[in-house]
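Have a look at protein.tsv below; it lists TSV, C-alpha atoms.
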```tsv
chain	number	residue	atom	x	y	z
A	75	MET	CA	-26.93	-4.67	-12.92
A	76	SER	CA	-27.63	-7.91	-14.77
A	77	GLU	CA	-28.26	-11.20	-12.95
A	78	PRO	CA	-25.40	-13.75	-12.74
A	79	ARG	CA	-25.53	-16.22	-15.60
A	80	GLY	CA	-25.20	-19.19	-13.25
A	81	SER	CA	-26.86	-19.99	-9.93
A	82	GLU	CA	-23.90	-18.34	-8.18
A	83	PRO	CA	-21.88	-15.35	-9.45
A	84	LEU	CA	-18.55	-16.15	-11.09
A	85	VAL	CA	-16.10	-13.37	-10.23
A	86	LEU	CA	-12.46	-12.79	-11.14
A	87	GLY	CA	-10.42	-10.76	-8.65
A	88	ILE	CA	-7.17	-8.90	-9.36
A	89	GLU	CA	-4.75	-7.79	-6.62
A	90	SER	CA	-1.66	-5.67	-7.38
A	91	SER	CA	-1.22	-3.38	-4.39
A	92	CYS	CA	2.42	-4.24	-3.68
A	93	ASP	CA	4.85	-6.82	-5.09
A	94	GLU	CA	2.49	-9.72	-5.79
A	95	THR	CA	0.27	-10.04	-8.84
A	96	GLY	CA	-2.69	-12.06	-7.64
A	97	VAL	CA	-5.63	-13.37	-9.65
A	98	GLY	CA	-8.40	-15.36	-8.01
A	99	ILE	CA	-11.64	-16.78	-9.38
A	100	VAL	CA	-14.60	-17.47	-7.12
A	101	ARG	CA	-18.00	-18.98	-7.85
A	102	GLY	CA	-20.32	-18.09	-4.99
A	103	ARG	CA	-18.49	-19.37	-1.92
A	104	ALA	CA	-16.20	-21.75	-3.83
A	105	LEU	CA	-12.62	-20.72	-4.57
A	106	LEU	CA	-11.71	-22.10	-7.99
A	107	THR	CA	-8.16	-20.76	-8.24
A	108	ASN	CA	-5.75	-18.45	-6.48
A	109	THR	CA	-2.84	-17.61	-8.80
A	110	VAL	CA	0.02	-15.49	-7.44
A	111	SER	CA	3.08	-14.18	-9.26
A	112	SER	CA	5.58	-12.54	-6.90
A	113	SER	CA	8.37	-10.12	-7.79
A	114	MET	CA	10.00	-10.55	-4.37
A	115	ASP	CA	13.24	-11.90	-5.83
A	116	GLU	CA	13.67	-8.72	-7.85
A	117	HIS	CA	13.65	-6.61	-4.66
A	118	VAL	CA	16.23	-8.62	-2.70
A	119	ARG	CA	19.24	-6.56	-3.81
A	120	PHE	CA	17.46	-3.37	-2.71
A	121	GLY	CA	16.54	-4.73	0.73
A	122	GLY	CA	12.88	-3.87	0.27
A	123	VAL	CA	10.12	-3.27	-2.24
A	124	VAL	CA	10.97	-0.68	-4.90
A	125	PRO	CA	7.68	0.75	-6.28
A	126	GLU	CA	8.95	1.20	-9.85
A	127	VAL	CA	10.30	-2.35	-9.98
A	128	ALA	CA	7.04	-3.71	-8.59
A	129	SER	CA	5.00	-1.81	-11.16
A	130	ARG	CA	7.05	-3.11	-14.09
A	131	ALA	CA	6.76	-6.64	-12.73
A	132	HIS	CA	2.97	-6.29	-12.56
A	133	VAL	CA	2.85	-5.16	-16.18
A	134	GLN	CA	4.76	-8.27	-17.23
A	135	ALA	CA	2.83	-10.68	-14.99
A	136	ILE	CA	-0.78	-9.53	-15.18
A	137	GLY	CA	-1.69	-11.01	-18.57
A	138	PRO	CA	-0.13	-14.43	-17.99
A	139	ALA	CA	-1.59	-14.54	-14.47
A	140	ILE	CA	-5.12	-13.96	-15.75
A	141	ALA	CA	-4.68	-16.59	-18.45
A	142	SER	CA	-3.23	-19.08	-15.98
A	143	ALA	CA	-6.05	-18.50	-13.50
A	144	CYS	CA	-8.74	-19.09	-16.12
A	145	GLU	CA	-7.02	-22.26	-17.30
A	146	GLU	CA	-6.67	-23.61	-13.77
A	147	ALA	CA	-10.29	-22.79	-12.92
A	148	GLY	CA	-11.54	-24.25	-16.19
A	149	VAL	CA	-13.42	-21.11	-17.16
A	150	ALA	CA	-13.31	-18.65	-20.03
A	151	LEU	CA	-13.32	-14.90	-19.61
A	152	THR	CA	-16.69	-14.87	-21.33
A	153	ASP	CA	-18.08	-17.05	-18.52
A	154	LEU	CA	-17.49	-14.34	-15.91
A	155	ASP	CA	-20.31	-12.41	-14.28
A	156	ALA	CA	-18.15	-9.64	-12.79
A	157	ILE	CA	-14.60	-8.48	-12.14
A	158	ALA	CA	-13.20	-7.10	-8.88
A	159	VAL	CA	-9.90	-5.29	-8.41
A	160	THR	CA	-7.98	-3.72	-5.56
A	161	ALA	CA	-8.45	0.04	-5.88
A	162	GLY	CA	-6.41	0.83	-2.75
A	163	PRO	CA	-4.67	1.26	-0.46
A	164	GLY	CA	-1.24	0.35	-1.79
A	165	LEU	CA	1.55	1.55	-4.06
A	166	SER	CA	0.12	3.96	-6.63
A	167	GLY	CA	1.92	2.60	-9.69
A	168	ALA	CA	1.26	-1.00	-8.75
A	169	LEU	CA	-2.43	-0.33	-8.15
A	170	MET	CA	-2.73	1.42	-11.50
A	171	VAL	CA	-1.56	-1.69	-13.34
A	172	GLY	CA	-4.23	-3.88	-11.78
A	173	VAL	CA	-6.96	-1.27	-12.13
A	174	GLY	CA	-6.03	-0.63	-15.76
A	175	ALA	CA	-6.12	-4.33	-16.60
A	176	ALA	CA	-9.46	-4.77	-14.82
A	177	LYS	CA	-10.99	-1.80	-16.61
A	178	GLY	CA	-9.82	-3.12	-19.97
A	179	LEU	CA	-11.33	-6.54	-19.29
A	180	ALA	CA	-14.58	-5.08	-17.99
A	181	ALA	CA	-14.97	-2.82	-21.02
A	182	ALA	CA	-14.07	-5.54	-23.51
A	183	LEU	CA	-16.38	-8.12	-21.94
A	184	ASP	CA	-19.14	-5.65	-20.97
A	185	LEU	CA	-18.98	-6.79	-17.34
A	186	PRO	CA	-19.60	-4.91	-14.09
A	187	LEU	CA	-16.39	-3.88	-12.32
A	188	TYR	CA	-15.96	-3.53	-8.56
A	189	GLY	CA	-13.05	-1.46	-7.25
A	190	VAL	CA	-12.62	-2.72	-3.70
A	191	ASN	CA	-10.64	-1.99	-0.57
A	192	HIS	CA	-7.52	-4.10	-0.03
A	193	LEU	CA	-7.91	-4.18	3.77
A	194	ALA	CA	-11.56	-5.22	3.74
A	195	ALA	CA	-10.63	-7.94	1.26
A	196	HIS	CA	-8.12	-9.42	3.75
A	197	VAL	CA	-11.05	-10.04	6.09
A	198	ALA	CA	-13.49	-11.13	3.38
A	199	VAL	CA	-11.22	-13.98	2.31
A	200	ASP	CA	-12.80	-16.20	4.99
A	201	LEU	CA	-15.95	-16.17	2.87
A	202	VAL	CA	-14.21	-18.62	0.52
A	203	ALA	CA	-11.65	-20.32	2.81
A	204	GLU	CA	-12.08	-24.08	2.57
A	205	ASP	CA	-11.18	-24.80	6.20
A	206	ILE	CA	-14.01	-22.79	7.75
A	207	ASP	CA	-17.72	-22.25	7.21
A	208	GLY	CA	-17.85	-18.56	6.38
A	209	LEU	CA	-16.79	-15.31	8.01
A	210	THR	CA	-17.38	-14.67	11.70
A	211	THR	CA	-18.60	-11.19	12.64
A	212	PRO	CA	-18.34	-9.11	14.66
A	213	THR	CA	-14.58	-9.51	14.85
A	214	ILE	CA	-11.45	-7.55	15.59
A	215	ALA	CA	-9.05	-7.80	12.67
A	216	LEU	CA	-5.28	-7.43	13.07
A	217	LEU	CA	-3.75	-6.84	9.65
A	218	VAL	CA	0.04	-6.88	9.59
A	219	SER	CA	2.19	-6.69	6.47
A	220	GLY	CA	5.03	-4.80	4.84
A	221	GLY	CA	2.72	-1.92	4.02
A	222	HIS	CA	-0.01	-2.07	6.65
A	223	THR	CA	-0.44	-2.47	10.38
A	224	GLU	CA	-4.02	-1.87	11.48
A	225	ILE	CA	-6.57	-2.95	14.04
A	226	LEU	CA	-10.10	-2.94	12.62
A	227	ARG	CA	-13.50	-3.49	14.14
A	228	ILE	CA	-15.60	-5.46	11.67
A	229	GLY	CA	-19.34	-5.48	12.23
A	230	ASP	CA	-20.04	-6.29	8.59
A	231	VAL	CA	-17.39	-6.73	5.92
A	232	VAL	CA	-19.26	-4.46	3.48
A	233	THR	CA	-21.17	-1.91	5.56
A	234	ASP	CA	-19.55	-1.68	8.99
A	235	ILE	CA	-15.77	-1.40	9.20
A	236	GLU	CA	-14.04	0.93	11.66
A	237	LEU	CA	-10.34	1.70	11.89
A	238	LEU	CA	-9.40	1.56	15.57
A	239	GLY	CA	-5.64	1.92	15.29
A	240	ALA	CA	-2.73	1.97	12.87
A	241	THR	CA	1.00	2.60	12.75
A	242	ILE	CA	2.09	6.22	12.89
A	243	ASP	CA	5.38	5.46	11.13
A	244	ASP	CA	6.60	2.17	9.63
A	245	ALA	CA	4.42	-0.87	9.18
A	246	ALA	CA	5.57	-3.89	11.19
A	247	GLY	CA	6.78	-5.72	8.09
A	248	GLU	CA	8.73	-2.66	6.97
A	249	ALA	CA	10.36	-2.44	10.41
A	250	PHE	CA	11.39	-6.09	10.07
A	251	ASP	CA	12.94	-5.37	6.66
A	252	LYS	CA	14.90	-2.32	7.84
A	253	THR	CA	16.16	-4.04	10.98
A	254	ALA	CA	17.17	-7.10	8.97
A	255	ARG	CA	19.40	-4.86	6.84
A	256	LEU	CA	21.02	-3.48	9.99
A	257	LEU	CA	21.81	-7.03	11.08
A	258	GLY	CA	23.19	-8.03	7.69
A	259	LEU	CA	20.22	-10.24	6.87
A	260	ASN	CA	18.60	-10.48	3.45
A	261	TYR	CA	15.18	-9.32	2.32
A	262	PRO	CA	12.47	-10.29	3.13
A	263	GLY	CA	13.37	-9.27	6.66
A	264	GLY	CA	10.52	-10.91	8.57
A	265	PRO	CA	11.29	-14.55	7.70
A	266	ASN	CA	15.03	-14.01	8.10
A	267	ILE	CA	14.72	-12.32	11.48
A	268	SER	CA	12.56	-15.25	12.58
A	269	LYS	CA	15.19	-17.72	11.38
A	270	ALA	CA	17.94	-15.75	13.09
A	271	ALA	CA	15.93	-15.63	16.32
A	272	LEU	CA	15.70	-19.42	16.25
A	273	GLY	CA	19.46	-19.73	15.77
A	274	LEU	CA	19.07	-21.11	12.28
A	275	LEU	CA	21.36	-18.63	10.53
A	276	ASP	CA	24.48	-18.77	12.70
A	277	GLY	CA	24.96	-22.53	12.54
A	278	THR	CA	24.29	-23.05	16.25
A	279	GLY	CA	20.64	-24.01	16.26
A	280	THR	CA	20.45	-22.27	19.65
A	281	PRO	CA	17.55	-19.80	19.85
A	282	GLY	CA	18.33	-16.20	20.71
A	283	ASP	CA	17.67	-14.85	24.18
A	284	ARG	CA	14.57	-12.66	23.90
A	285	THR	CA	15.58	-10.77	27.07
A	286	ALA	CA	19.25	-10.14	26.20
A	287	VAL	CA	18.46	-6.78	24.58
A	288	LYS	CA	15.84	-4.53	26.14
A	289	PHE	CA	13.78	-3.23	23.24
A	290	PRO	CA	11.17	-0.50	23.74
A	291	ARG	CA	7.46	-1.14	23.27
A	292	GLY	CA	6.28	1.78	21.15
A	293	LEU	CA	3.17	3.64	22.37
A	294	ALA	CA	2.65	1.00	25.05
A	295	LYS	CA	3.38	2.96	28.22
A	296	LYS	CA	0.55	3.46	30.69
A	297	GLN	CA	-0.01	7.04	29.56
A	298	ASP	CA	-0.18	5.87	25.93
A	299	LEU	CA	-2.77	3.22	26.71
A	300	ARG	CA	-4.89	5.77	28.59
A	301	ASP	CA	-4.82	8.16	25.63
A	302	PRO	CA	-7.67	7.47	23.15
A	303	GLU	CA	-5.48	8.81	20.33
A	304	ARG	CA	-2.68	6.33	21.12
A	305	ARG	CA	-4.41	3.38	22.75
A	306	TYR	CA	-4.60	1.24	19.60
A	307	ASN	CA	-1.89	2.90	17.52
A	308	PHE	CA	1.61	1.57	16.85
A	309	SER	CA	5.09	3.01	16.44
A	310	PHE	CA	8.10	0.95	15.39
A	311	SER	CA	10.67	3.69	14.74
A	312	GLY	CA	12.10	3.40	18.27
A	313	LEU	CA	12.69	-0.30	17.75
A	314	LYS	CA	14.82	0.34	14.69
A	315	THR	CA	16.80	2.96	16.59
A	316	ALA	CA	17.38	0.51	19.46
A	317	ALA	CA	18.62	-2.14	17.04
A	318	LEU	CA	20.98	0.37	15.39
A	319	ARG	CA	22.28	1.34	18.82
A	320	GLU	CA	23.11	-2.28	19.64
A	321	VAL	CA	24.94	-2.79	16.35
A	322	THR	CA	26.87	0.50	16.71
A	323	LYS	CA	27.82	-0.27	20.32
A	324	ALA	CA	29.18	-3.68	19.35
A	325	GLU	CA	31.20	-2.20	16.48
A	326	THR	CA	32.58	0.59	18.67
A	327	LEU	CA	33.61	-1.72	21.50
A	328	GLY	CA	34.78	-4.49	19.21
A	329	ALA	CA	32.44	-6.82	21.07
A	330	ASP	CA	30.76	-9.90	19.71
A	331	LEU	CA	27.14	-9.29	18.76
A	332	ARG	CA	24.95	-12.35	18.68
A	333	VAL	CA	22.50	-11.58	15.92
A	334	ALA	CA	20.15	-14.26	17.27
A	335	ASP	CA	19.71	-12.33	20.53
A	336	VAL	CA	18.98	-9.03	18.78
A	337	ALA	CA	16.61	-10.70	16.32
A	338	ALA	CA	14.77	-12.55	19.08
A	339	GLY	CA	14.39	-9.44	21.22
A	340	PHE	CA	13.25	-7.33	18.28
A	341	GLU	CA	10.71	-9.92	17.16
A	342	ASP	CA	9.36	-10.28	20.70
A	343	ALA	CA	8.92	-6.51	21.07
A	344	VAL	CA	6.96	-6.23	17.82
A	345	VAL	CA	4.76	-9.20	18.68
A	346	ASP	CA	4.16	-8.03	22.25
A	347	VAL	CA	2.78	-4.67	21.14
A	348	LEU	CA	0.68	-6.15	18.33
A	349	VAL	CA	-0.92	-8.67	20.64
A	350	THR	CA	-1.41	-6.32	23.59
A	351	LYS	CA	-3.21	-3.69	21.56
A	352	THR	CA	-5.33	-6.20	19.68
A	353	LEU	CA	-6.60	-7.71	22.91
A	354	LEU	CA	-7.23	-4.23	24.31
A	355	ALA	CA	-9.44	-3.55	21.31
A	356	ALA	CA	-11.28	-6.84	21.82
A	357	ALA	CA	-11.86	-6.10	25.50
A	358	ASP	CA	-12.94	-2.50	24.93
A	359	THR	CA	-15.45	-3.43	22.21
A	360	GLY	CA	-16.70	-6.57	23.94
A	361	ILE	CA	-15.87	-8.62	20.83
A	362	ASN	CA	-14.52	-12.10	21.62
A	363	HIS	CA	-13.24	-12.98	18.16
A	364	VAL	CA	-9.98	-11.94	16.45
A	365	VAL	CA	-8.84	-12.59	12.90
A	366	LEU	CA	-5.19	-12.25	11.84
A	367	GLY	CA	-4.25	-11.35	8.28
A	368	GLY	CA	-1.40	-9.99	6.17
A	369	GLY	CA	2.02	-11.36	5.30
A	370	VAL	CA	3.37	-11.08	8.85
A	371	ALA	CA	0.75	-13.68	9.85
A	372	ALA	CA	3.38	-16.15	8.64
A	373	ASN	CA	5.48	-15.24	11.71
A	374	SER	CA	5.28	-18.29	13.99
A	375	HIS	CA	6.08	-16.29	17.14
A	376	LEU	CA	3.19	-13.92	16.44
A	377	ARG	CA	0.78	-16.80	15.90
A	378	GLU	CA	1.96	-18.59	19.03
A	379	VAL	CA	1.81	-15.57	21.34
A	380	LEU	CA	-1.46	-14.26	19.93
A	381	GLY	CA	-2.99	-17.72	20.19
A	382	ALA	CA	-1.89	-18.19	23.79
A	383	ARG	CA	-3.01	-14.76	24.97
A	384	CYS	CA	-6.32	-14.98	23.13
A	385	ALA	CA	-6.96	-18.29	24.87
A	386	GLU	CA	-6.14	-16.73	28.24
A	387	ALA	CA	-8.58	-13.90	27.54
A	388	GLY	CA	-11.36	-16.20	26.31
A	389	VAL	CA	-11.08	-14.81	22.77
A	390	THR	CA	-11.37	-17.01	19.69
A	391	LEU	CA	-8.52	-16.57	17.20
A	392	ARG	CA	-8.90	-17.17	13.49
A	393	VAL	CA	-5.85	-17.39	11.24
A	394	PRO	CA	-6.75	-18.21	7.60
A	395	PRO	CA	-4.45	-20.52	5.63
A	396	LEU	CA	-1.22	-18.62	5.05
A	397	LYS	CA	-1.68	-18.54	1.27
A	398	LEU	CA	-4.86	-16.54	1.93
A	399	CYS	CA	-3.23	-14.23	4.51
A	400	THR	CA	-0.74	-12.69	2.11
A	401	ASP	CA	-1.90	-10.43	-0.73
A	402	ASN	CA	-3.88	-12.51	-3.22
A	403	GLY	CA	-6.59	-12.33	-5.84
A	404	ALA	CA	-8.85	-14.76	-3.97
A	405	MET	CA	-9.63	-12.22	-1.27
A	406	VAL	CA	-10.51	-9.59	-3.88
A	407	ALA	CA	-12.75	-12.02	-5.75
A	408	ALA	CA	-14.38	-13.03	-2.44
A	409	LEU	CA	-15.26	-9.44	-1.59
A	410	GLY	CA	-16.41	-8.76	-5.14
A	411	THR	CA	-18.64	-11.81	-5.03
A	412	GLU	CA	-20.17	-10.66	-1.74
A	413	LEU	CA	-21.01	-7.30	-3.31
A	414	VAL	CA	-22.64	-9.03	-6.30
A	415	ARG	CA	-24.60	-11.40	-4.06
A	416	ARG	CA	-25.99	-8.43	-2.12
A	417	GLY	CA	-27.14	-6.74	-5.29
A	418	ILE	CA	-24.83	-3.77	-4.81
A	419	GLY	CA	-24.11	-1.88	-8.02
A	420	PRO	CA	-20.60	-1.78	-9.52
A	421	SER	CA	-18.10	1.04	-9.57
A	422	ASP	CA	-18.16	3.64	-12.29
A	423	LEU	CA	-15.43	2.86	-14.82
A	424	SER	CA	-13.96	6.31	-14.24
A	425	PHE	CA	-12.77	5.44	-10.71
A	426	ALA	CA	-9.09	5.91	-9.91
A	427	ALA	CA	-6.62	3.90	-7.85
A	428	VAL	CA	-6.30	5.50	-4.41
A	429	SER	CA	-3.05	4.72	-2.59
A	430	SER	CA	-4.38	5.94	0.77
A	431	LEU	CA	-7.94	4.64	0.49
A	432	ASP	CA	-9.73	4.73	3.84
A	433	VAL	CA	-10.79	1.36	5.19
A	434	ASP	CA	-14.46	2.28	5.49
A	435	HIS	CA	-14.61	2.89	1.73
A	436	VAL	CA	-15.12	-0.74	0.79
A	437	LEU	CA	-16.29	0.04	-2.74
A	438	VAL	CA	-15.00	2.98	-4.79
```

Since I need it in another form, could you write the structure as structure tokens?
Amino acid sequence: MSEPRGSEPLVLGIESSCDETGVGIVRGRALLTNTVSSSMDEHVRFGGVVPEVASRAHVQAIGPAIASACEEAGVALTDLDAIAVTAGPGLSGALMVGVGAAKGLAAALDLPLYGVNHLAAHVAVDLVAEDIDGLTTPTIALLVSGGHTEILRIGDVVTDIELLGATIDDAAGEAFDKTARLLGLNYPGGPNISKAALGLLDGTGTPGDRTAVKFPRGLAKKQDLRDPERRYNFSFSGLKTAALREVTKAETLGADLRVADVAAGFEDAVVDVLVTKTLLAAADTGINHVVLGGGVAANSHLREVLGARCAEAGVTLRVPPLKLCTDNGAMVAALGTELVRRGIGPSDLSFAAVSSLDVDHVLV
């Protein structure tokens, strides 16, 4: 591959794995812009992300997002040294929009193109975060969003990533969305369940009782934690069933159901399992550093509990700025830049978007 035209590679990253069209531009370790166009409002009436709606929104947003990013960064497309794009995992149609746009740009500008892994990019974003001096490795990464819930061991963000555990059914964010619908709360479910748990949606301002409803902790019984196949994995389907049972019982008995109590108990159950299994992974691997990423990182209860229990265990917790936790082009550009800096060759332009791309395939 050709050498960067400047002293540091200038890379544009495109992210379109779900409902956000992200374009980031990075020069070396400096983040020049992180432009995000979200189609979240278009999914509200459906109570969750609709793949076809997301794909159409990406088609409409991708061109203006690229133009806006270049203008904000003060660069021209002809100044770029490389392009990076999320090749997976994610929604197939949504990924195809980003990959198609990236391939068109790369071919038109005769630039190397890097198809990268969405999950690895979530970790790589610390390479360009302004509030920290680079990425700490080894680390345990907890990635929690509407589409993903994984625990990763990161020895090196390019060459050494291991999937330790993942959800066997819904992702945590998806479980929040579905339970929010049961409780009559709007999409996105995570923020609204958090508000309900704090008593902010019923006019009382009185937080819900996190012990009022006994929610199960999926795959967290002693026998589960002793089983290597279950030790780090998650299941949230039982939580949804428990929430449905509470709502049905209240309707059947004509009893008052305090949504704040159900929301608080549900949120606490999700957070408890996420934190417990993450710290198990840290202890088992001997790694004393944890990084939190994904849209659910915005959940204040998760950050508080994870922070407190990491401190108790002598583990350092890193939470990037929230704008860099959610899906964004900056993280893709950061990972692409790291690949360029290491002299790793680009992807072949014939690569395809892979909705179920394995985490250890950092470059396709």

Using only the atoms of stretch 90-109 of chain A listed in the file, plus 4 Å on each side, state the axis-aligned box centre and edge lengths in Å rounded to one decimal, as JSON.
```
{"center_x": -7.7, "center_y": -12.7, "center_z": -5.8, "size_x": 33.2, "size_y": 26.7, "size_z": 15.7}
```

Discussion item. As an exercise, work out the distance from atom CA of A:Ser113 to atom CA of A:Asp432 in Å and give it to one decimal place.
Written reply: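 Pair atom CA of A:Ser113 / atom CA of A:Asp432 returns 26.1 Å.
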
Worksheet entry | Close residues, A:Val406 itself excluded, 7 Å, all atoms listed in the file, min 6 positions apart in chain, as a list of chain:residue names | A:Gly87, A:Ile88, A:Glu89, A:Ala158, A:Val159, A:Thr160, A:Ala195

Worksheet entry | Atom pair atom CA of A:Leu318 / atom CA of A:Arg255: separation (Å) | 10.1 Å

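Every protein or nucleic acid residue with an atom no more than 9 Å from A:Asp230, counting all atoms listed in the file and leaving out same-chain residues fewer than 2 positions away, appears here: Thr211, Pro212, Thr213, Ile228, Val232, Thr233, Asp234 and Ile235 of chain A.
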
Restore all heavy atoms in stretch 166-174 of chain A and list the result as a compact mmCIF listing (two decimals), in the coordinates of the input.
```txt
# COMPACT_ATOMS: atom_id res chain seq x y z
N SER A 166 0.91 3.35 -5.54
CA SER A 166 0.12 3.96 -6.63
C SER A 166 0.35 3.29 -7.98
O SER A 166 -0.60 2.91 -8.67
CB SER A 166 0.45 5.46 -6.74
OG SER A 166 0.03 6.15 -5.61
N GLY A 167 1.62 3.19 -8.38
CA GLY A 167 1.92 2.60 -9.69
C GLY A 167 1.47 1.16 -9.80
O GLY A 167 0.93 0.75 -10.84
N ALA A 168 1.66 0.40 -8.74
CA ALA A 168 1.26 -1.00 -8.75
C ALA A 168 -0.25 -1.12 -8.85
O ALA A 168 -0.78 -1.94 -9.62
CB ALA A 168 1.77 -1.69 -7.48
N LEU A 169 -0.97 -0.31 -8.09
CA LEU A 169 -2.43 -0.33 -8.15
C LEU A 169 -2.93 0.01 -9.55
O LEU A 169 -3.88 -0.60 -10.05
CB LEU A 169 -3.01 0.68 -7.15
CG LEU A 169 -2.90 0.34 -5.67
CD1 LEU A 169 -3.25 1.57 -4.83
CD2 LEU A 169 -3.82 -0.82 -5.31
N MET A 170 -2.28 0.98 -10.18
CA MET A 170 -2.73 1.42 -11.50
C MET A 170 -2.65 0.31 -12.53
O MET A 170 -3.49 0.24 -13.44
CB MET A 170 -1.91 2.63 -11.95
CG MET A 170 -2.21 3.90 -11.16
SD MET A 170 -1.07 5.26 -11.53
CE MET A 170 -1.40 5.51 -13.26
N VAL A 171 -1.67 -0.57 -12.39
CA VAL A 171 -1.56 -1.69 -13.34
C VAL A 171 -2.76 -2.61 -13.22
O VAL A 171 -3.39 -2.97 -14.21
CB VAL A 171 -0.25 -2.47 -13.12
CG1 VAL A 171 -0.20 -3.69 -14.05
CG2 VAL A 171 0.96 -1.58 -13.35
N GLY A 172 -3.09 -2.99 -11.98
CA GLY A 172 -4.23 -3.88 -11.78
C GLY A 172 -5.53 -3.23 -12.17
O GLY A 172 -6.38 -3.86 -12.83
N VAL A 173 -5.72 -1.98 -11.79
CA VAL A 173 -6.96 -1.27 -12.13
C VAL A 173 -7.09 -1.10 -13.64
O VAL A 173 -8.17 -1.29 -14.22
CB VAL A 173 -7.00 0.11 -11.42
CG1 VAL A 173 -8.12 0.98 -11.99
CG2 VAL A 173 -7.18 -0.07 -9.92
N GLY A 174 -5.98 -0.77 -14.30
CA GLY A 174 -6.03 -0.63 -15.76
C GLY A 174 -6.39 -1.92 -16.45
O GLY A 174 -7.21 -1.94 -17.39
```
